[in-house]
Amino acid sequence: MKLEINDTFTKELPADSIHENTRRPVRKACFSFVLPKKTSKPLLLHASDHVSALIGLSKHDIQSDDFLTVFTGNSVLPNTTPYAMCYGGHQFGNWAGQLGDGRAINLTEVFYNNKRWAIQLKGAGETPYSRMADGLAVLRSSIREYLCSEAMYHLGVPTTRALSLALTGDKVLRDILYNGNQEYEEGAIVTRVAPTFIRFGNFEILAAYEDKKNLKILADYTIKHFYPQIKSKGKQAYIDLFSEVSKLNLDMVIHWQRVGFVHGVMNTDNMSILGLTIDYGPYGWLEGFDPEWTPNTTDRQHKRYRFGNQPNIVLWNLMKLANALYPLIEDVAPLEGILETFKTDYEIAHFKMMKSKLGLYQNDKNDNSLISSIEQILQLAETDMTIFYRNLSVVKKTDSVDDAMTKIKEAFYEVNEIKSETEAAWQNWLSSYLDRLQNETHSDTDRQKEMNMINPKYVLRNYMAQLAIEEAEKGNYQVIQELYQLLLYPYKEQLENEKWFAKRPDWARNKIGCSMLSCSS
Ligand code: AMP
Ligand code: MG
């Protein structure tokens with residue numbers, strides 16, 4: 001196994017001068033050198049040939065002993081110096097101080113095919129940033145991260161990637177519900193890959209301790225490697241950086257809203273400086289369309305990170321990043337201007353995204369109301385978001401309201417219990433929609449084709465990941481492979497996989513792991 005090692009983070013940024021792996025505050029540094037913990041009986045459960053190809057590894061390499069030992073922490077690649085990053089963050093709206101890679105260890109960076117990739121093990125043991133926890137990850141959360149990050153990529157959502165999923169052979173103690181019932185679970189490691197894992201929190205921690213010197217070094221590093229299009233100098237470069245980061249994060253959250261993804265823990269330490277979806281924890285997928293829904297039990301009361309609030313939270317998080325970059329800019333107006341632009345750009349992007357979900361391409365003065373009313377009507381009776389949009393593409397211009405209703409009815413969870421007012425509201429909306437389709441120049445077939453390229457047929461429904469987990473916990477890893485394969489082509493009709501284009505089964509409605517998740521990963 002040969003990788004094109006090309007480390008920059010550890011070479012260009014300040015290192016923690018202490019090399020001992022003890023938990024402590026780290027100041028005046030962006031990272032600490034630390035080695036992954038050895039694992040007792042590593043077993044590779046899955047590896048992505050798509051991601052291995054990105055970093056220059058072949059299918060043959062995946063099968064090698066080297067691959068297994070390196071990506072489960074048992075050997076360190078020659079000429080590399082693994083490290084954990086130092087970052088802080090705002091958690092649930094409050095400054096939480098130093099957080100850092102508590103259980104992620106970056107192995108190295110490679111430069112392959114003109115692209116830079118950082119490779120990181122998640123669950124590889126404690127680091128100076130582990131605080132009270134063990135630095136490990138359990139199988140269930142690792143399966144969830146592994147499958148979901150790849151599923152998101154193939155849906156066209158900006159995300160970190162996953163190279164491999166392995167068991168460590170070591171047991172990990174967890175209290176899933178935080179109710180005092182601890183149990184041993186199987187430990188696992190996911191190898192993640194991204195151009196960089198830098199988060200908003202990497203900047204926040206330096207700003208919080210007034211380390212302007214290193215803040216500048218980190219911002220310059222980020223621009224040099226990840227925003228080479230920024231040619232301005234001095235303060236303007238940092239303003240431009242903030243503007244670019246803001247655009248990428250807007251794009252990311254619009255995609256989340258398009259596919260029905262709820263991140264669950266949008267703390268500023270979980271916000272990538274590249275606008276990538278990062279840190280798959282208690283995330284979930286909308287089944288019934290409900291802007292109030294959050295999968296995260298820790299957030300059950302205030303629902304700060306509910307589906308409908310995600311765009312606002314991105315903005316809030318950007319405001320925290322603006323504060324962190326302020327010492328380099330010392331001028332509030334341009335930062336405020338960018339935050340204002342985010343708001344107006346969001347409205348435009350959301351409108352455009354919703355129009356495309358509905359298959360509307362011409363301009364019509366009533367589109368705004370058609371869009372806001374569908375978002376209301378979808379909530380009248382529990383209606384599966386994915387099935388609704390996918391079936392809407394089958395509606396023809398010449399359909400009657402009843403024809404159209406029959407086509408979308410499959411999306412209702414309790415088809416026989418739809419109230420007459422709800423039915424009337426739907427008929428009303430479908431009637432306006434059919435009228436509106438008359439202004440479209442697309443043929444029914446073309447519209448369906450376009451809609452099916454942005455309204456997925458298959459997403460990683462909460463219960464699907466849970467099925468993969470339950471089977472894996474019994475030693476059967478087949479469902480992981482099946483779902484991985486299915487989610488490579490989320491927009492394609494896969495006749496042999498029709499069973500996954502179905503509403504959440506009843507058993508999964510309130511099941512732990514399906515609709516409710518904690519951070520106990
Ligand atoms: P999260 O909300 O999962 O993104 O985690 C927030 C912080 O807690 C990050 O600094 C993580 O590195 C840290 N953390 C989460 N789980 C563990 C663990 N098992 N061991 C050490 N640190 C952890
Ligand atoms: Mg995190």
# chains A, B, ... in the order shown; residues from 1 in each chain; ligands from 1

call {"tool": "residues_near_ligand", "arguments": {"ligand": "ligand 2", "cutoff": "8 Å", "atoms": "only C-alpha atoms and all ligand atoms", "output": "PyMOL selection string"}}
result
chain A and resi 101+267+269-270+278-279+281

call {"tool": "write_last_selection", "arguments": {"atoms": "N, CA and C atoms", "output": "tab-separated table (two decimals), in the first residue's frame"}}
result
chain	number	residue	atom	x	y	z
A	101	ASP	N	-10.35	17.24	18.95
A	101	ASP	CA	-10.54	15.85	18.52
A	101	ASP	C	-10.38	14.93	19.71
A	267	ASN	N	-23.57	22.09	16.52
A	267	ASN	CA	-22.71	22.97	17.32
A	267	ASN	C	-21.61	23.50	16.42
A	269	ASP	N	-18.56	23.42	16.64
A	269	ASP	CA	-17.43	22.49	16.46
A	269	ASP	C	-17.79	21.42	15.43
A	270	ASN	N	-19.05	21.35	15.04
A	270	ASN	CA	-19.45	20.38	14.02
A	270	ASN	C	-19.76	21.06	12.69
A	278	ILE	N	-20.45	17.25	8.51
A	278	ILE	CA	-19.39	16.59	9.28
A	278	ILE	C	-19.94	16.11	10.62
A	279	ASP	N	-19.35	15.06	11.15
A	279	ASP	CA	-19.71	14.50	12.45
A	279	ASP	C	-21.15	13.97	12.47
A	281	GLY	N	-23.64	12.12	14.05
A	281	GLY	CA	-23.96	11.58	15.38
A	281	GLY	C	-25.43	11.20	15.41

call {"tool": "residues_around", "arguments": {"residues": "segment 382-392 of chain A", "least_positions_apart": "5", "cutoff": "9 Å", "atoms": "only C-alpha atoms", "output": "number ranges by chain"}}
result
A: 259-260, 286-290, 357-359, 404, 407-414, 448, 451-452, 455-459, 501-504

call {"tool": "atom_distance", "arguments": {"atom1": "atom CA of Arg304 of chain A", "atom2": "atom 7 (C, counted along the ligand's line) of ligand 1"}}
result
17.7 Å

call {"tool": "residues_near_ligand", "arguments": {"ligand": "ligand 1", "cutoff": "8 Å", "atoms": "only C-alpha atoms and all ligand atoms", "output": "PyMOL selection string"}}
result
chain A and resi 87-88+98-104+123+125-127+129-137+265+267+269-270+279-281+519-521

call {"tool": "residues_around", "arguments": {"residues": "Thr277 of chain A", "least_positions_apart": "4", "cutoff": "12 Å", "atoms": "only C-alpha atoms", "output": "PyMOL selection string"}}
result
chain A and resi 145+148-153+156-161+194+197+199+248-256+261-266+269-273+281+283+314

call {"tool": "closest_residue", "arguments": {"among": "A:Asn296, A:Thr22, A:Ser372, A:Ser420", "to": "Ile512 of chain A", "atoms": "only C-alpha atoms"}}
result
A:Asn296

call {"tool": "select_by_dssp", "arguments": {"residues": "segment 29-278 of chain A", "states": "strand (DSSP E)", "output": "MDAnalysis selection string"}}
result
chainID A and resid 31:33 43:47 83:85 88:91 94:98 104:112 115:122 161:174 183:194 261:262

call {"tool": "closest_residue", "arguments": {"among": "A:Glu450, A:Glu244, A:Glu473, A:Asp399", "to": "Ile338 of chain A", "atoms": "only C-alpha atoms"}}
result
A:Glu244

call {"tool": "closest_residue", "arguments": {"among": "A:Ser393, A:Gln182, A:Asn214, A:Asn368", "to": "Cys30 of chain A", "atoms": "only C-alpha atoms"}}
result
A:Asn214

call {"tool": "residues_around", "arguments": {"residues": "Ser40 of chain A", "least_positions_apart": "3", "cutoff": "9 Å", "atoms": "only C-alpha atoms", "output": "PDB file with N, CA and C atoms, in the first residue's frame"}}
result
ATOM      1  N   ASN A  74      -3.158   0.124  14.283  1.00  0.00           N
ATOM      2  CA  ASN A  74      -2.084  -0.761  14.735  1.00  0.00           C
ATOM      3  C   ASN A  74      -0.723  -0.506  14.121  1.00  0.00           C
ATOM      4  N   THR A 168     -12.835  -3.152  16.261  1.00  0.00           N
ATOM      5  CA  THR A 168     -11.520  -3.114  16.903  1.00  0.00           C
ATOM      6  C   THR A 168     -11.224  -4.408  17.642  1.00  0.00           C
ATOM      7  N   GLY A 169     -12.299  -5.122  18.006  1.00  0.00           N
ATOM      8  CA  GLY A 169     -12.115  -6.311  18.832  1.00  0.00           C
ATOM      9  C   GLY A 169     -12.121  -5.968  20.316  1.00  0.00           C
ATOM     10  N   ASP A 170     -12.221  -4.667  20.619  1.00  0.00           N
ATOM     11  CA  ASP A 170     -12.243  -4.235  22.031  1.00  0.00           C
ATOM     12  C   ASP A 170     -13.649  -3.787  22.418  1.00  0.00           C
TER      13      ASP A 170
END

call {"tool": "closest_residue", "arguments": {"among": "A:Arg140, A:Lys38, A:Arg23, A:Arg258", "to": "Lys352 of chain A", "atoms": "only C-alpha atoms"}}
result
A:Arg258
